Amino acid sequence: MQARKFWVSGQVQGVGYRYFAIRVAREMGLKGWVRNLSDGRVEGYAAGSAHMLEDFEARLRQGPPAGDVRHVEVEDASVDVRIEGFDIR
């Protein structure tokens, strides 16, 4: 299992982006969370296999129909085994 943090910028708040990310992550069986940041970005943390994380990143880059993703920053993170499910923080 691996983990990554994501920071997504563009028109990603007020367009259902967090709910999109949750739906995709739960469908894929990832564990983690997503939240809005005060600077207009969305931050997320996801843990799963390398392949699942790559697929999740690709979906985050697409975003929901009402959104406009301009940039996704990704960095490796340590796995937090206490996290269960995928939720909004």
# chains A, B, ... in the order shown; residues from 1 in each chain; ligands from 1
$ select_by_dssp --residues "stretch 36-78 of chain A" --states "strand (DSSP E)" --output "ChimeraX atom specification"
/A:36,42-48,68-77
$ write_last_selection --atoms "N, CA and C atoms" --output "PDB file, in the first residue's frame"
ATOM      1  N   ASN A  36     -11.654  21.353   1.266  1.00  0.00           N
ATOM      2  CA  ASN A  36     -11.417  22.644   0.638  1.00  0.00           C
ATOM      3  C   ASN A  36     -10.355  23.389   1.428  1.00  0.00           C
ATOM      4  N   VAL A  42      -8.402  22.395  -3.604  1.00  0.00           N
ATOM      5  CA  VAL A  42      -8.889  21.232  -2.877  1.00  0.00           C
ATOM      6  C   VAL A  42      -7.676  20.365  -2.567  1.00  0.00           C
ATOM      7  N   GLU A  43      -7.580  19.915  -1.323  1.00  0.00           N
ATOM      8  CA  GLU A  43      -6.499  19.050  -0.880  1.00  0.00           C
ATOM      9  C   GLU A  43      -7.068  17.667  -0.604  1.00  0.00           C
ATOM     10  N   GLY A  44      -6.294  16.639  -0.929  1.00  0.00           N
ATOM     11  CA  GLY A  44      -6.743  15.290  -0.653  1.00  0.00           C
ATOM     12  C   GLY A  44      -5.598  14.385  -0.278  1.00  0.00           C
ATOM     13  N   TYR A  45      -5.957  13.302   0.369  1.00  0.00           N
ATOM     14  CA  TYR A  45      -5.018  12.258   0.755  1.00  0.00           C
ATOM     15  C   TYR A  45      -5.657  10.936   0.368  1.00  0.00           C
ATOM     16  N   ALA A  46      -4.906  10.077  -0.286  1.00  0.00           N
ATOM     17  CA  ALA A  46      -5.440   8.779  -0.693  1.00  0.00           C
ATOM     18  C   ALA A  46      -4.400   7.698  -0.478  1.00  0.00           C
ATOM     19  N   ALA A  47      -4.864   6.525  -0.031  1.00  0.00           N
ATOM     20  CA  ALA A  47      -3.996   5.378   0.179  1.00  0.00           C
ATOM     21  C   ALA A  47      -4.585   4.173  -0.544  1.00  0.00           C
ATOM     22  N   GLY A  48      -3.703   3.433  -1.213  1.00  0.00           N
ATOM     23  CA  GLY A  48      -4.105   2.244  -1.954  1.00  0.00           C
ATOM     24  C   GLY A  48      -2.915   1.735  -2.750  1.00  0.00           C
ATOM     25  N   ASP A  68     -13.366  22.957 -13.429  1.00  0.00           N
ATOM     26  CA  ASP A  68     -12.323  23.280 -14.400  1.00  0.00           C
ATOM     27  C   ASP A  68     -10.975  23.106 -13.708  1.00  0.00           C
ATOM     28  N   VAL A  69     -10.423  21.904 -13.807  1.00  0.00           N
ATOM     29  CA  VAL A  69      -9.145  21.598 -13.166  1.00  0.00           C
ATOM     30  C   VAL A  69      -8.026  22.186 -14.009  1.00  0.00           C
ATOM     31  N   ARG A  70      -7.208  23.002 -13.387  1.00  0.00           N
ATOM     32  CA  ARG A  70      -6.088  23.626 -14.104  1.00  0.00           C
ATOM     33  C   ARG A  70      -4.746  23.006 -13.740  1.00  0.00           C
ATOM     34  N   HIS A  71      -4.628  22.510 -12.501  1.00  0.00           N
ATOM     35  CA  HIS A  71      -3.348  21.944 -12.076  1.00  0.00           C
ATOM     36  C   HIS A  71      -3.576  20.974 -10.923  1.00  0.00           C
ATOM     37  N   VAL A  72      -2.832  19.873 -10.939  1.00  0.00           N
ATOM     38  CA  VAL A  72      -2.843  18.916  -9.839  1.00  0.00           C
ATOM     39  C   VAL A  72      -1.404  18.693  -9.398  1.00  0.00           C
ATOM     40  N   GLU A  73      -1.133  19.021  -8.150  1.00  0.00           N
ATOM     41  CA  GLU A  73       0.187  18.773  -7.559  1.00  0.00           C
ATOM     42  C   GLU A  73       0.084  17.505  -6.723  1.00  0.00           C
ATOM     43  N   VAL A  74       1.079  16.642  -6.836  1.00  0.00           N
ATOM     44  CA  VAL A  74       1.046  15.347  -6.150  1.00  0.00           C
ATOM     45  C   VAL A  74       2.367  15.121  -5.436  1.00  0.00           C
ATOM     46  N   GLU A  75       2.280  14.574  -4.223  1.00  0.00           N
ATOM     47  CA  GLU A  75       3.507  14.158  -3.544  1.00  0.00           C
ATOM     48  C   GLU A  75       3.231  12.878  -2.764  1.00  0.00           C
ATOM     49  N   ASP A  76       4.251  12.046  -2.648  1.00  0.00           N
ATOM     50  CA  ASP A  76       4.124  10.825  -1.869  1.00  0.00           C
ATOM     51  C   ASP A  76       3.919  11.185  -0.407  1.00  0.00           C
ATOM     52  N   ALA A  77       3.184  10.341   0.291  1.00  0.00           N
ATOM     53  CA  ALA A  77       2.908  10.558   1.710  1.00  0.00           C
ATOM     54  C   ALA A  77       3.065   9.237   2.446  1.00  0.00           C
TER      55      ALA A  77
END
$ residues_around --residues "A:Gly32" --least-positions-apart "2" --cutoff "9 Å" --atoms "only C-alpha atoms" --output "PyMOL selection string"
chain A and resi 3+22+25+30+34+44-47+80+83-88
$ write_last_selection --atoms "N, CA, C and O atoms" --output "PDB file, in the first residue's frame"
ATOM      1  N   ALA A   3       0.651   5.839  -0.365  1.00  0.00           N
ATOM      2  CA  ALA A   3      -0.232   6.990  -0.132  1.00  0.00           C
ATOM      3  C   ALA A   3       0.317   8.209  -0.851  1.00  0.00           C
ATOM      4  O   ALA A   3       1.529   8.333  -1.051  1.00  0.00           O
ATOM      5  N   ILE A  22     -14.792  11.842  -3.700  1.00  0.00           N
ATOM      6  CA  ILE A  22     -15.234  10.800  -2.777  1.00  0.00           C
ATOM      7  C   ILE A  22     -15.857   9.635  -3.538  1.00  0.00           C
ATOM      8  O   ILE A  22     -15.552   8.470  -3.276  1.00  0.00           O
ATOM      9  N   ALA A  25     -13.094   7.709  -5.349  1.00  0.00           N
ATOM     10  CA  ALA A  25     -12.223   7.001  -4.403  1.00  0.00           C
ATOM     11  C   ALA A  25     -12.926   5.789  -3.808  1.00  0.00           C
ATOM     12  O   ALA A  25     -12.324   4.715  -3.683  1.00  0.00           O
ATOM     13  N   LEU A  30     -10.233   3.126  -2.367  1.00  0.00           N
ATOM     14  CA  LEU A  30      -9.176   3.886  -1.701  1.00  0.00           C
ATOM     15  C   LEU A  30      -9.620   4.341  -0.319  1.00  0.00           C
ATOM     16  O   LEU A  30     -10.807   4.476  -0.052  1.00  0.00           O
ATOM     17  N   VAL A  34     -10.688  14.327   1.688  1.00  0.00           N
ATOM     18  CA  VAL A  34     -10.594  15.480   0.798  1.00  0.00           C
ATOM     19  C   VAL A  34     -11.164  16.685   1.536  1.00  0.00           C
ATOM     20  O   VAL A  34     -12.052  16.539   2.385  1.00  0.00           O
ATOM     21  N   GLY A  44      -6.294  16.639  -0.929  1.00  0.00           N
ATOM     22  CA  GLY A  44      -6.743  15.290  -0.653  1.00  0.00           C
ATOM     23  C   GLY A  44      -5.598  14.385  -0.278  1.00  0.00           C
ATOM     24  O   GLY A  44      -4.430  14.671  -0.568  1.00  0.00           O
ATOM     25  N   TYR A  45      -5.957  13.302   0.369  1.00  0.00           N
ATOM     26  CA  TYR A  45      -5.018  12.258   0.755  1.00  0.00           C
ATOM     27  C   TYR A  45      -5.657  10.936   0.368  1.00  0.00           C
ATOM     28  O   TYR A  45      -6.843  10.714   0.648  1.00  0.00           O
ATOM     29  N   ALA A  46      -4.906  10.077  -0.286  1.00  0.00           N
ATOM     30  CA  ALA A  46      -5.440   8.779  -0.693  1.00  0.00           C
ATOM     31  C   ALA A  46      -4.400   7.698  -0.478  1.00  0.00           C
ATOM     32  O   ALA A  46      -3.207   7.914  -0.714  1.00  0.00           O
ATOM     33  N   ALA A  47      -4.864   6.525  -0.031  1.00  0.00           N
ATOM     34  CA  ALA A  47      -3.996   5.378   0.179  1.00  0.00           C
ATOM     35  C   ALA A  47      -4.585   4.173  -0.544  1.00  0.00           C
ATOM     36  O   ALA A  47      -5.785   3.927  -0.491  1.00  0.00           O
ATOM     37  N   ASP A  80      -1.265   6.202   6.502  1.00  0.00           N
ATOM     38  CA  ASP A  80      -1.904   6.348   7.807  1.00  0.00           C
ATOM     39  C   ASP A  80      -2.905   5.208   7.955  1.00  0.00           C
ATOM     40  O   ASP A  80      -4.006   5.270   7.405  1.00  0.00           O
ATOM     41  N   ILE A  83      -6.822   5.551   9.054  1.00  0.00           N
ATOM     42  CA  ILE A  83      -7.887   6.056   8.193  1.00  0.00           C
ATOM     43  C   ILE A  83      -8.681   4.890   7.618  1.00  0.00           C
ATOM     44  O   ILE A  83      -8.116   3.957   7.043  1.00  0.00           O
ATOM     45  N   GLU A  84      -9.986   4.971   7.773  1.00  0.00           N
ATOM     46  CA  GLU A  84     -10.901   3.984   7.188  1.00  0.00           C
ATOM     47  C   GLU A  84     -11.887   4.720   6.328  1.00  0.00           C
ATOM     48  O   GLU A  84     -12.402   5.764   6.705  1.00  0.00           O
ATOM     49  N   GLY A  85     -12.172   4.206   5.148  1.00  0.00           N
ATOM     50  CA  GLY A  85     -13.122   4.858   4.250  1.00  0.00           C
ATOM     51  C   GLY A  85     -12.503   6.072   3.576  1.00  0.00           C
ATOM     52  O   GLY A  85     -11.293   6.298   3.622  1.00  0.00           O
ATOM     53  N   PHE A  86     -13.372   6.859   2.948  1.00  0.00           N
ATOM     54  CA  PHE A  86     -12.940   8.086   2.267  1.00  0.00           C
ATOM     55  C   PHE A  86     -13.987   9.149   2.547  1.00  0.00           C
ATOM     56  O   PHE A  86     -15.158   8.973   2.219  1.00  0.00           O
ATOM     57  N   ASP A  87     -13.587  10.251   3.184  1.00  0.00           N
ATOM     58  CA  ASP A  87     -14.539  11.246   3.681  1.00  0.00           C
ATOM     59  C   ASP A  87     -14.082  12.674   3.420  1.00  0.00           C
ATOM     60  O   ASP A  87     -12.940  12.919   3.059  1.00  0.00           O
ATOM     61  N   ILE A  88     -14.998  13.599   3.673  1.00  0.00           N
ATOM     62  CA  ILE A  88     -14.694  15.036   3.646  1.00  0.00           C
ATOM     63  C   ILE A  88     -14.214  15.449   5.029  1.00  0.00           C
ATOM     64  O   ILE A  88     -14.774  15.030   6.034  1.00  0.00           O
TER      65      ILE A  88
END
$ select_by_dssp --residues "chain A" --states "helix (DSSP H, G or I)" --output "MDAnalysis selection string"
chainID A and resid 17:28 50:62
$ closest_residue --among "A:Ala21, A:Val79, A:Met52, A:Ala66" --to "A:Phe6" --atoms "only C-alpha atoms"
A:Ala21
$ residues_around --residues "A:Arg41" --least-positions-apart "3" --cutoff "9 Å" --atoms "only C-alpha atoms" --output "list in words"
Trp7, Val8, Ser9, Gly10, Gln11, Val12, Gln13, Arg35, Asn36, Leu37 and Ser38 of chain A
$ closest_residue --among "A:Trp33, A:Met28, A:Tyr17, A:Gly40" --to "A:Arg61" --atoms "only C-alpha atoms"
A:Tyr17
$ atom_distance --atom1 "atom CA of A:Leu60" --atom2 "atom CA of A:Phe20"
8.6 Å
